[in-house]
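Below is the file run.cif, which contains mmCIF, C-alpha atoms and all ligand atoms.
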data_query
#
loop_
_atom_site.group_PDB
_atom_site.id
_atom_site.type_symbol
_atom_site.label_atom_id
_atom_site.label_comp_id
_atom_site.auth_asym_id
_atom_site.auth_seq_id
_atom_site.Cartn_x
_atom_site.Cartn_y
_atom_site.Cartn_z
ATOM 1 C CA MET A 44 27.788 69.276 189.791
ATOM 2 C CA GLY A 45 30.983 67.548 188.761
ATOM 3 C CA LYS A 46 34.377 67.185 190.309
ATOM 4 C CA ALA A 47 37.256 68.897 188.573
ATOM 5 C CA ILE A 48 40.969 68.669 188.088
ATOM 6 C CA PHE A 49 42.577 72.095 188.014
ATOM 7 C CA LEU A 50 45.862 71.985 186.138
ATOM 8 C CA ASP A 51 48.677 74.441 185.932
ATOM 9 C CA ARG A 52 49.844 74.931 182.332
ATOM 10 C CA ASP A 53 53.653 75.226 182.115
ATOM 11 C CA GLY A 54 55.498 72.228 183.554
ATOM 12 C CA VAL A 55 52.265 70.234 183.813
ATOM 13 C CA ILE A 56 50.730 69.910 180.318
ATOM 14 C CA ILE A 57 53.381 71.757 178.302
ATOM 15 C CA LYS A 58 57.135 72.006 178.776
ATOM 16 C CA GLU A 59 58.383 74.658 181.177
ATOM 17 C CA LYS A 60 60.394 77.214 179.182
ATOM 18 C CA GLY A 61 60.345 80.339 181.290
ATOM 19 C CA TYR A 62 58.154 83.050 179.754
ATOM 20 C CA ILE A 63 56.518 81.710 176.616
ATOM 21 C CA SER A 64 55.902 84.520 174.132
ATOM 22 C CA SER A 65 54.573 82.715 171.051
ATOM 23 C CA LEU A 66 52.660 79.625 169.949
ATOM 24 C CA GLU A 67 55.805 78.259 168.269
ATOM 25 C CA GLN A 68 57.420 77.766 171.704
ATOM 26 C CA VAL A 69 54.591 75.577 172.986
ATOM 27 C CA GLU A 70 55.518 71.901 173.368
ATOM 28 C CA ILE A 71 52.750 69.691 174.730
ATOM 29 C CA PHE A 72 54.082 66.790 176.825
ATOM 30 C CA PRO A 73 53.789 63.579 174.756
ATOM 31 C CA TYR A 74 51.630 61.864 177.414
ATOM 32 C CA ALA A 75 49.280 64.823 178.015
ATOM 33 C CA ALA A 76 46.557 63.997 175.474
ATOM 34 C CA ASP A 77 46.268 60.382 176.633
ATOM 35 C CA CYS A 78 46.245 61.311 180.338
ATOM 36 C CA LEU A 79 43.660 64.041 179.935
ATOM 37 C CA THR A 80 41.462 61.755 177.824
ATOM 38 C CA ARG A 81 41.527 59.130 180.589
ATOM 39 C CA LEU A 82 40.691 61.713 183.271
ATOM 40 C CA LYS A 83 37.863 63.064 181.106
ATOM 41 C CA LYS A 84 36.436 59.558 180.604
ATOM 42 C CA ALA A 85 36.565 59.073 184.379
ATOM 43 C CA GLY A 86 34.191 62.036 184.664
ATOM 44 C CA TYR A 87 36.469 64.887 185.666
ATOM 45 C CA ILE A 88 35.981 68.443 184.396
ATOM 46 C CA LEU A 89 39.437 69.588 183.210
ATOM 47 C CA ILE A 90 40.345 73.228 183.827
ATOM 48 C CA VAL A 91 43.699 74.905 183.247
ATOM 49 C CA ILE A 92 44.464 77.837 185.555
ATOM 50 C CA THR A 93 47.657 79.743 184.828
ATOM 51 C CA ASN A 94 49.460 82.896 185.979
ATOM 52 C CA GLN A 95 50.537 84.807 182.878
ATOM 53 C CA SER A 96 52.358 87.808 184.258
ATOM 54 C CA ALA A 97 54.197 87.822 180.901
ATOM 55 C CA VAL A 98 51.198 89.893 179.718
ATOM 56 C CA ALA A 99 51.740 92.549 182.412
ATOM 57 C CA ARG A 100 55.494 92.430 181.781
ATOM 58 C CA GLY A 101 54.943 93.155 178.080
ATOM 59 C CA ILE A 102 56.447 89.828 176.950
ATOM 60 C CA ILE A 103 53.293 88.558 175.217
ATOM 61 C CA SER A 104 50.052 90.163 174.032
ATOM 62 C CA GLU A 105 46.689 88.842 175.171
ATOM 63 C CA ASN A 106 45.936 88.070 171.504
ATOM 64 C CA GLU A 107 48.934 85.752 171.210
ATOM 65 C CA LEU A 108 48.142 84.196 174.594
ATOM 66 C CA GLU A 109 44.607 83.456 173.405
ATOM 67 C CA ARG A 110 46.051 81.939 170.223
ATOM 68 C CA ILE A 111 48.116 79.569 172.400
ATOM 69 C CA HIS A 112 45.108 78.662 174.499
ATOM 70 C CA SER A 113 42.884 78.033 171.435
ATOM 71 C CA HIS A 114 45.590 75.654 170.216
ATOM 72 C CA LEU A 115 45.652 73.802 173.549
ATOM 73 C CA LEU A 116 41.828 73.556 173.634
ATOM 74 C CA GLN A 117 41.967 72.131 170.111
ATOM 75 C CA GLN A 118 44.725 69.597 170.805
ATOM 76 C CA LEU A 119 43.658 68.450 174.284
ATOM 77 C CA PRO A 120 40.299 67.464 175.840
ATOM 78 C CA LEU A 121 40.300 70.479 178.192
ATOM 79 C CA ASP A 122 37.021 72.082 179.260
ATOM 80 C CA ASP A 123 38.399 75.581 179.788
ATOM 81 C CA ILE A 124 41.515 77.681 180.338
ATOM 82 C CA TYR A 125 41.607 80.616 182.752
ATOM 83 C CA TYR A 126 44.578 82.931 183.123
ATOM 84 C CA CYS A 127 45.662 85.859 185.257
ATOM 85 C CA PRO A 128 47.427 88.538 183.147
ATOM 86 C CA HIS A 129 48.270 90.729 186.141
ATOM 87 C CA TYR A 130 51.456 91.508 188.049
ATOM 88 C CA PRO A 131 51.432 94.075 190.866
ATOM 89 C CA MET A 132 55.153 94.910 190.617
ATOM 90 C CA VAL A 133 54.708 96.801 187.325
ATOM 91 C CA PRO A 134 52.103 99.460 188.283
ATOM 92 C CA GLU A 135 53.041 101.538 185.202
ATOM 93 C CA GLN A 136 51.658 98.771 182.956
ATOM 94 C CA LYS A 137 47.997 99.700 182.771
ATOM 95 C CA PRO A 138 45.619 97.926 183.097
ATOM 96 C CA TYR A 139 47.660 94.854 184.101
ATOM 97 C CA GLY A 140 49.956 96.155 186.824
ATOM 98 C CA ILE A 141 47.533 95.664 189.674
ATOM 99 C CA ARG A 142 47.069 93.532 192.726
ATOM 100 C CA CYS A 143 44.185 91.223 191.796
ATOM 101 C CA THR A 144 42.266 88.287 193.204
ATOM 102 C CA CYS A 145 43.019 85.940 190.297
ATOM 103 C CA ARG A 146 46.814 85.577 190.498
ATOM 104 C CA LYS A 147 47.658 82.242 192.146
ATOM 105 C CA PRO A 148 47.850 81.559 195.105
ATOM 106 C CA GLU A 149 44.614 83.578 195.152
ATOM 107 C CA THR A 150 41.598 81.504 194.177
ATOM 108 C CA GLY A 151 39.811 83.889 191.776
ATOM 109 C CA LEU A 152 40.373 81.675 188.727
ATOM 110 C CA ILE A 153 39.011 78.623 190.538
ATOM 111 C CA SER A 154 35.943 80.601 191.666
ATOM 112 C CA ARG A 155 35.198 81.653 188.089
ATOM 113 C CA ALA A 156 35.435 78.054 186.866
ATOM 114 C CA VAL A 157 33.276 76.756 189.718
ATOM 115 C CA VAL A 158 30.443 79.130 188.768
ATOM 116 C CA LYS A 159 30.653 78.575 185.017
ATOM 117 C CA HIS A 160 31.116 74.798 185.027
ATOM 118 C CA GLY A 161 29.080 73.886 188.114
ATOM 119 C CA ILE A 162 32.056 72.321 189.862
ATOM 120 C CA ASP A 163 31.816 70.517 193.200
ATOM 121 C CA LEU A 164 35.119 71.195 194.959
ATOM 122 C CA ARG A 165 34.757 68.065 197.087
ATOM 123 C CA GLY A 166 36.712 65.407 195.221
ATOM 124 C CA SER A 167 38.473 68.008 193.074
ATOM 125 C CA TYR A 168 42.247 68.358 192.725
ATOM 126 C CA MET A 169 44.816 71.067 192.020
ATOM 127 C CA VAL A 170 47.824 69.807 190.055
ATOM 128 C CA GLY A 171 50.916 71.961 189.635
ATOM 129 C CA ASP A 172 54.691 72.186 189.736
ATOM 130 C CA ARG A 173 55.188 75.223 191.973
ATOM 131 C CA ALA A 174 54.547 76.310 195.540
ATOM 132 C CA SER A 175 51.937 78.825 194.350
ATOM 133 C CA ASP A 176 49.902 75.987 192.793
ATOM 134 C CA ILE A 177 49.883 73.996 196.014
ATOM 135 C CA LEU A 178 48.932 77.085 198.041
ATOM 136 C CA THR A 179 46.115 77.833 195.569
ATOM 137 C CA GLY A 180 44.657 74.377 196.066
ATOM 138 C CA GLN A 181 44.990 74.638 199.820
ATOM 139 C CA ASN A 182 43.350 78.093 199.784
ATOM 140 C CA ALA A 183 40.466 76.582 197.815
ATOM 141 C CA GLY A 184 40.226 73.636 200.209
ATOM 142 C CA ILE A 185 40.939 70.930 197.643
ATOM 143 C CA LYS A 186 43.507 68.139 197.406
ATOM 144 C CA THR A 187 46.890 69.165 196.044
ATOM 145 C CA ILE A 188 49.285 67.328 193.748
ATOM 146 C CA LEU A 189 52.868 68.452 193.192
ATOM 147 C CA LEU A 190 54.587 67.334 189.977
ATOM 148 C CA ASN A 191 58.322 67.256 189.368
ATOM 149 C CA SER A 192 57.956 67.748 185.586
ATOM 150 C CA GLY A 193 58.330 71.529 185.590
ATOM 151 C CA TYR A 194 60.392 73.757 187.816
ATOM 152 C CA GLY A 195 61.329 70.762 189.916
ATOM 153 C CA LEU A 196 61.106 70.204 193.613
ATOM 154 C CA GLU A 197 64.618 71.504 194.246
ATOM 155 C CA ARG A 198 63.606 74.904 192.832
ATOM 156 C CA MET A 199 60.482 75.411 194.963
ATOM 157 C CA GLU A 200 60.035 79.061 196.041
ATOM 158 C CA SER A 201 58.890 78.001 199.496
ATOM 159 C CA THR A 202 58.256 74.857 201.484
ATOM 160 C CA VAL A 203 54.787 73.475 200.888
ATOM 161 C CA TYR A 204 53.033 70.296 201.894
ATOM 162 C CA PRO A 205 51.069 68.815 198.996
ATOM 163 C CA ASP A 206 48.826 65.803 199.585
ATOM 164 C CA PHE A 207 50.838 63.821 197.016
ATOM 165 C CA THR A 208 53.951 64.260 194.876
ATOM 166 C CA PHE A 209 54.517 62.570 191.511
ATOM 167 C CA ALA A 210 57.072 62.688 188.697
ATOM 168 C CA ASP A 211 54.589 63.911 186.105
ATOM 169 C CA LEU A 212 50.958 64.008 184.968
ATOM 170 C CA GLN A 213 51.138 60.426 183.755
ATOM 171 C CA GLU A 214 52.153 59.118 187.165
ATOM 172 C CA PHE A 215 49.308 61.085 188.787
ATOM 173 C CA CYS A 216 46.781 59.628 186.296
ATOM 174 C CA ASP A 217 47.990 56.100 186.983
ATOM 175 C CA PHE A 218 47.642 56.750 190.713
ATOM 176 C CA LEU A 219 44.165 58.279 190.466
ATOM 177 C CA LEU A 220 42.655 55.899 187.923
ATOM 178 C CA GLY A 221 44.516 52.732 188.850
HETATM 179 ZN ZN ZN B 301 44.906 88.570 188.140
#
Take the structure in this file and express it as structure tokens.
Ligand SMILES: [Zn+2]
Amino acid sequence: MGKAIFLDRDGVIIKEKGYISSLEQVEIFPYAADCLTRLKKAGYILIVITNQSAVARGIISENELERIHSHLLQQLPLDDIYYCPHYPMVPEQKPYGIRCTCRKPETGLISRAVVKHGIDLRGSYMVGDRASDILTGQNAGIKTILLNSGYGLERMESTVYPDFTFADLQEFCDFLLG
């Protein structure tokens, strides 16, 4: 059993650009590789969990999304990437237009990672840039970290109370690892 850091994707490890539809749009933050390497060395299991309603909205295919995620797994010391392709507001888009249990702030993606990677949620963190990330962590009963490197605190969809707030992933790493 190991403790994990669950990371949102856009605005946390890559630049926030709205709906990303191809690998060419992916820009990994310059500090991400170094930060994730330090967290990995400190013993954390590193799991990306991301809402990708762009699939349900027909903006990106699952094939292209998997191409992006293979690239990230190759470039960064991540243990796994889980995504939710669903969006309930487009019921005509079968099979994606459904209400599911994996779209954040639901905890389905975390549950899948916990089983597969033998994660101990005590001592684990959820790191994200949006209210839904903080709510996901709180729903899972883990510590929550809000970063200002994505959507930004002034654009939060709702008021949330994270355990800590930092400028970016680098500042969180420095805090956690000293
Ligand atoms: Zn889902």
List all protein, DNA and RNA residues that have an atom no more than 8 Å from any atom of ligand ZN 301 (chain B), counting all atoms listed in the file, and report them as a PDB file with C-alpha atoms, in the coordinates of the input.
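Result file follows (pocket01.pdb):
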ATOM      1  CA  ASN A  94      49.460  82.896 185.979  1.00  0.00           C
ATOM      2  CA  TYR A 126      44.578  82.931 183.123  1.00  0.00           C
ATOM      3  CA  CYS A 127      45.662  85.859 185.257  1.00  0.00           C
ATOM      4  CA  PRO A 128      47.427  88.538 183.147  1.00  0.00           C
ATOM      5  CA  HIS A 129      48.270  90.729 186.141  1.00  0.00           C
ATOM      6  CA  TYR A 130      51.456  91.508 188.049  1.00  0.00           C
ATOM      7  CA  TYR A 139      47.660  94.854 184.101  1.00  0.00           C
ATOM      8  CA  ILE A 141      47.533  95.664 189.674  1.00  0.00           C
ATOM      9  CA  ARG A 142      47.069  93.532 192.726  1.00  0.00           C
ATOM     10  CA  CYS A 143      44.185  91.223 191.796  1.00  0.00           C
ATOM     11  CA  THR A 144      42.266  88.287 193.204  1.00  0.00           C
ATOM     12  CA  CYS A 145      43.019  85.940 190.297  1.00  0.00           C
ATOM     13  CA  ARG A 146      46.814  85.577 190.498  1.00  0.00           C
ATOM     14  CA  LYS A 147      47.658  82.242 192.146  1.00  0.00           C
ATOM     15  CA  GLY A 151      39.811  83.889 191.776  1.00  0.00           C
TER      16      GLY A 151
END
Q) Which one of A:Glu109, A:Asp176, A:Asp77, A:Asp51 sits closest to Ser65 (chain A) if you count only C-alpha atoms? A) A:Glu109
Q) Can you list, as a ChimeraX atom specification, every protein, DNA or RNA residue that comes within 6 Å of region 190-202 of chain A when you count all atoms listed in the file, leaving out same-chain residues fewer than 4 positions away? A) /A:54,59,171-172,208-211
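Taking all atoms listed in the file into account, Gln136 (chain A) lies nearest to A:Ile102 out of the set A:Ile56, A:Glu67, A:Ile102, A:Ile185.
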Q) How would you write, as a PyMOL selection string, the residues chosen by the PyMOL selection byres (((chain A and resi 50) around 7) and not hetatm) on this structure? A) chain A and resi 48-49+51-52+90-92+169-171
Q) Residues picked by the PyMOL selection byres (((chain A and resi 108) around 10) and not hetatm) here, as a list in words? A) Ile63, Ser64, Ser65, Leu66, Gln95, Ala97, Val98, Ile103, Ser104, Glu105, Asn106, Glu107, Glu109, Arg110, Ile111, His112, Ser113, His114, Tyr126 and Pro128 of chain A
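Interatomic distance, CA of Phe72 (chain A) to CA of Pro120 (chain A): 13.8 Å.
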Cut-off 12 Å: closest region 101-206 of chain A/region 78-86 of chain A atom pairs per residue, using all atoms listed in the file, as JSON lines:
{"residue": "A:Leu115", "atom": "CA", "partner": "A:Leu79", "partner_atom": "CA", "distance": 11.8}
{"residue": "A:Leu116", "atom": "CA", "partner": "A:Leu79", "partner_atom": "CA", "distance": 11.6}
{"residue": "A:Gln118", "atom": "CA", "partner": "A:Leu79", "partner_atom": "CA", "distance": 10.7}
{"residue": "A:Leu119", "atom": "CA", "partner": "A:Leu79", "partner_atom": "CA", "distance": 7.2}
{"residue": "A:Pro120", "atom": "CA", "partner": "A:Thr80", "partner_atom": "CA", "distance": 6.2}
{"residue": "A:Leu121", "atom": "CA", "partner": "A:Leu79", "partner_atom": "CA", "distance": 7.5}
{"residue": "A:Asp122", "atom": "CA", "partner": "A:Lys83", "partner_atom": "CA", "distance": 9.2}
{"residue": "A:Ile162", "atom": "CA", "partner": "A:Gly86", "partner_atom": "CA", "distance": 11.7}
{"residue": "A:Gly166", "atom": "CA", "partner": "A:Gly86", "partner_atom": "CA", "distance": 11.4}
{"residue": "A:Ser167", "atom": "CA", "partner": "A:Gly86", "partner_atom": "CA", "distance": 11.2}
{"residue": "A:Tyr168", "atom": "CA", "partner": "A:Leu82", "partner_atom": "CA", "distance": 11.7}
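Among A:Lys137, A:Pro73, A:Leu212, A:Ser96, the residue with the shortest atom-to-atom distance to Gly61 (chain A), counting all atoms listed in the file, is A:Ser96.
Residue nearest Val133 (chain A), chosen from A:Arg155, A:Thr150, A:Gly101, A:Arg173 and counting all atoms listed in the file: A:Gly101.
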Q: Would you be able to write out as a list in words which residues have an atom within 12 Å of (30.4, 76.2, 187.3) in the file's coordinates, counting all atoms listed in the file?
A: Met44, Gly45, Lys46, Ala47, Ile88, Leu89, Ile90, Asp122, Asp123, Leu152, Ile153, Ser154, Arg155, Ala156, Val157, Val158, Lys159, His160, Gly161, Ile162, Asp163 and Leu164 of chain A
Output C-alpha atoms for every residue in the selection just made, as a PDB file, in the frame of the given file.
ATOM      1  CA  MET A  44      27.788  69.276 189.791  1.00  0.00           C
ATOM      2  CA  GLY A  45      30.983  67.548 188.761  1.00  0.00           C
ATOM      3  CA  LYS A  46      34.377  67.185 190.309  1.00  0.00           C
ATOM      4  CA  ALA A  47      37.256  68.897 188.573  1.00  0.00           C
ATOM      5  CA  ILE A  88      35.981  68.443 184.396  1.00  0.00           C
ATOM      6  CA  LEU A  89      39.437  69.588 183.210  1.00  0.00           C
ATOM      7  CA  ILE A  90      40.345  73.228 183.827  1.00  0.00           C
ATOM      8  CA  ASP A 122      37.021  72.082 179.260  1.00  0.00           C
ATOM      9  CA  ASP A 123      38.399  75.581 179.788  1.00  0.00           C
ATOM     10  CA  LEU A 152      40.373  81.675 188.727  1.00  0.00           C
ATOM     11  CA  ILE A 153      39.011  78.623 190.538  1.00  0.00           C
ATOM     12  CA  SER A 154      35.943  80.601 191.666  1.00  0.00           C
ATOM     13  CA  ARG A 155      35.198  81.653 188.089  1.00  0.00           C
ATOM     14  CA  ALA A 156      35.435  78.054 186.866  1.00  0.00           C
ATOM     15  CA  VAL A 157      33.276  76.756 189.718  1.00  0.00           C
ATOM     16  CA  VAL A 158      30.443  79.130 188.768  1.00  0.00           C
ATOM     17  CA  LYS A 159      30.653  78.575 185.017  1.00  0.00           C
ATOM     18  CA  HIS A 160      31.116  74.798 185.027  1.00  0.00           C
ATOM     19  CA  GLY A 161      29.080  73.886 188.114  1.00  0.00           C
ATOM     20  CA  ILE A 162      32.056  72.321 189.862  1.00  0.00           C
ATOM     21  CA  ASP A 163      31.816  70.517 193.200  1.00  0.00           C
ATOM     22  CA  LEU A 164      35.119  71.195 194.959  1.00  0.00           C
TER      23      LEU A 164
END
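Here CA of Phe207 (chain A) and CA of Val55 (chain A) stand 14.7 Å from one another.
Closest approach to Glu214 (chain A) from the set A:Glu70, A:Tyr87, A:Ala75, A:Lys186 is made by A:Ala75, with distances taken over all atoms listed in the file.
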Q) With all atoms listed in the file as the atoms that count, which of A:Pro134, A:Ile177, A:Asp53, A:Pro148 lies nearest to Ala99 (chain A)? A) A:Pro134
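Between CA of Tyr62 (chain A) and CA of Cys216 (chain A) there is a distance of 26.8 Å.
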What would region 190-220 of chain A look like with N, CA and C atoms restored, written as a tab-separated table (two decimals), in the coordinates of the input?
chain	number	residue	atom	x	y	z
A	190	LEU	N	53.87	68.09	191.00
A	190	LEU	CA	54.59	67.33	189.98
A	190	LEU	C	56.02	67.84	189.86
A	191	ASN	N	56.91	66.92	189.51
A	191	ASN	CA	58.32	67.26	189.37
A	191	ASN	C	58.71	67.46	187.90
A	192	SER	N	57.70	67.67	187.03
A	192	SER	CA	57.96	67.75	185.59
A	192	SER	C	58.16	69.18	185.10
A	193	GLY	N	58.16	70.14	186.00
A	193	GLY	CA	58.33	71.53	185.59
A	193	GLY	C	59.54	72.13	186.25
A	194	TYR	N	59.29	73.09	187.13
A	194	TYR	CA	60.39	73.76	187.82
A	194	TYR	C	61.23	72.79	188.64
A	195	GLY	N	60.58	71.74	189.14
A	195	GLY	CA	61.33	70.76	189.92
A	195	GLY	C	61.29	71.09	191.39
A	196	LEU	N	61.28	70.04	192.17
A	196	LEU	CA	61.11	70.20	193.61
A	196	LEU	C	62.27	70.95	194.25
A	197	GLU	N	63.45	70.85	193.65
A	197	GLU	CA	64.62	71.50	194.25
A	197	GLU	C	64.59	73.02	193.99
A	198	ARG	N	63.69	73.47	193.13
A	198	ARG	CA	63.61	74.90	192.83
A	198	ARG	C	62.35	75.55	193.41
A	199	MET	N	61.70	74.87	194.36
A	199	MET	CA	60.48	75.41	194.96
A	199	MET	C	60.76	76.75	195.65
A	200	GLU	N	59.85	77.71	195.46
A	200	GLU	CA	60.04	79.06	196.04
A	200	GLU	C	59.87	79.03	197.55
A	201	SER	N	59.06	78.11	198.05
A	201	SER	CA	58.89	78.00	199.50
A	201	SER	C	58.48	76.57	199.82
A	202	THR	N	58.59	76.22	201.08
A	202	THR	CA	58.26	74.86	201.48
A	202	THR	C	56.74	74.71	201.55
A	203	VAL	N	56.22	73.73	200.85
A	203	VAL	CA	54.79	73.47	200.89
A	203	VAL	C	54.56	71.99	201.14
A	204	TYR	N	53.35	71.67	201.54
A	204	TYR	CA	53.03	70.30	201.89
A	204	TYR	C	51.86	69.80	201.07
A	205	PRO	N	52.14	69.35	199.84
A	205	PRO	CA	51.07	68.82	199.00
A	205	PRO	C	50.55	67.49	199.56
A	206	ASP	N	49.35	67.10	199.15
A	206	ASP	CA	48.83	65.80	199.58
A	206	ASP	C	49.64	64.67	198.97
A	207	PHE	N	50.04	64.84	197.70
A	207	PHE	CA	50.84	63.82	197.02
A	207	PHE	C	51.84	64.49	196.08
A	208	THR	N	52.94	63.78	195.83
A	208	THR	CA	53.95	64.26	194.88
A	208	THR	C	54.21	63.15	193.85
A	209	PHE	N	54.25	63.54	192.57
A	209	PHE	CA	54.52	62.57	191.51
A	209	PHE	C	55.53	63.14	190.52
A	210	ALA	N	56.09	62.25	189.70
A	210	ALA	CA	57.07	62.69	188.70
A	210	ALA	C	56.42	63.58	187.66
A	211	ASP	N	55.24	63.16	187.18
A	211	ASP	CA	54.59	63.91	186.10
A	211	ASP	C	53.10	63.57	186.06
A	212	LEU	N	52.41	64.17	185.09
A	212	LEU	CA	50.96	64.01	184.97
A	212	LEU	C	50.57	62.53	184.76
A	213	GLN	N	51.40	61.83	184.03
A	213	GLN	CA	51.14	60.43	183.76
A	213	GLN	C	51.12	59.59	185.04
A	214	GLU	N	52.09	59.86	185.91
A	214	GLU	CA	52.15	59.12	187.16
A	214	GLU	C	50.95	59.44	188.05
A	215	PHE	N	50.51	60.70	188.03
A	215	PHE	CA	49.31	61.08	188.79
A	215	PHE	C	48.07	60.36	188.24
A	216	CYS	N	47.93	60.31	186.92
A	216	CYS	CA	46.78	59.63	186.30
A	216	CYS	C	46.75	58.16	186.69
A	217	ASP	N	47.91	57.52	186.63
A	217	ASP	CA	47.99	56.10	186.98
A	217	ASP	C	47.58	55.90	188.43
A	218	PHE	N	48.00	56.82	189.30
A	218	PHE	CA	47.64	56.75	190.71
A	218	PHE	C	46.13	56.92	190.89
A	219	LEU	N	45.57	57.92	190.25
A	219	LEU	CA	44.16	58.28	190.47
A	219	LEU	C	43.22	57.24	189.84
A	220	LEU	N	43.59	56.76	188.67
A	220	LEU	CA	42.66	55.90	187.92
A	220	LEU	C	43.00	54.42	188.04
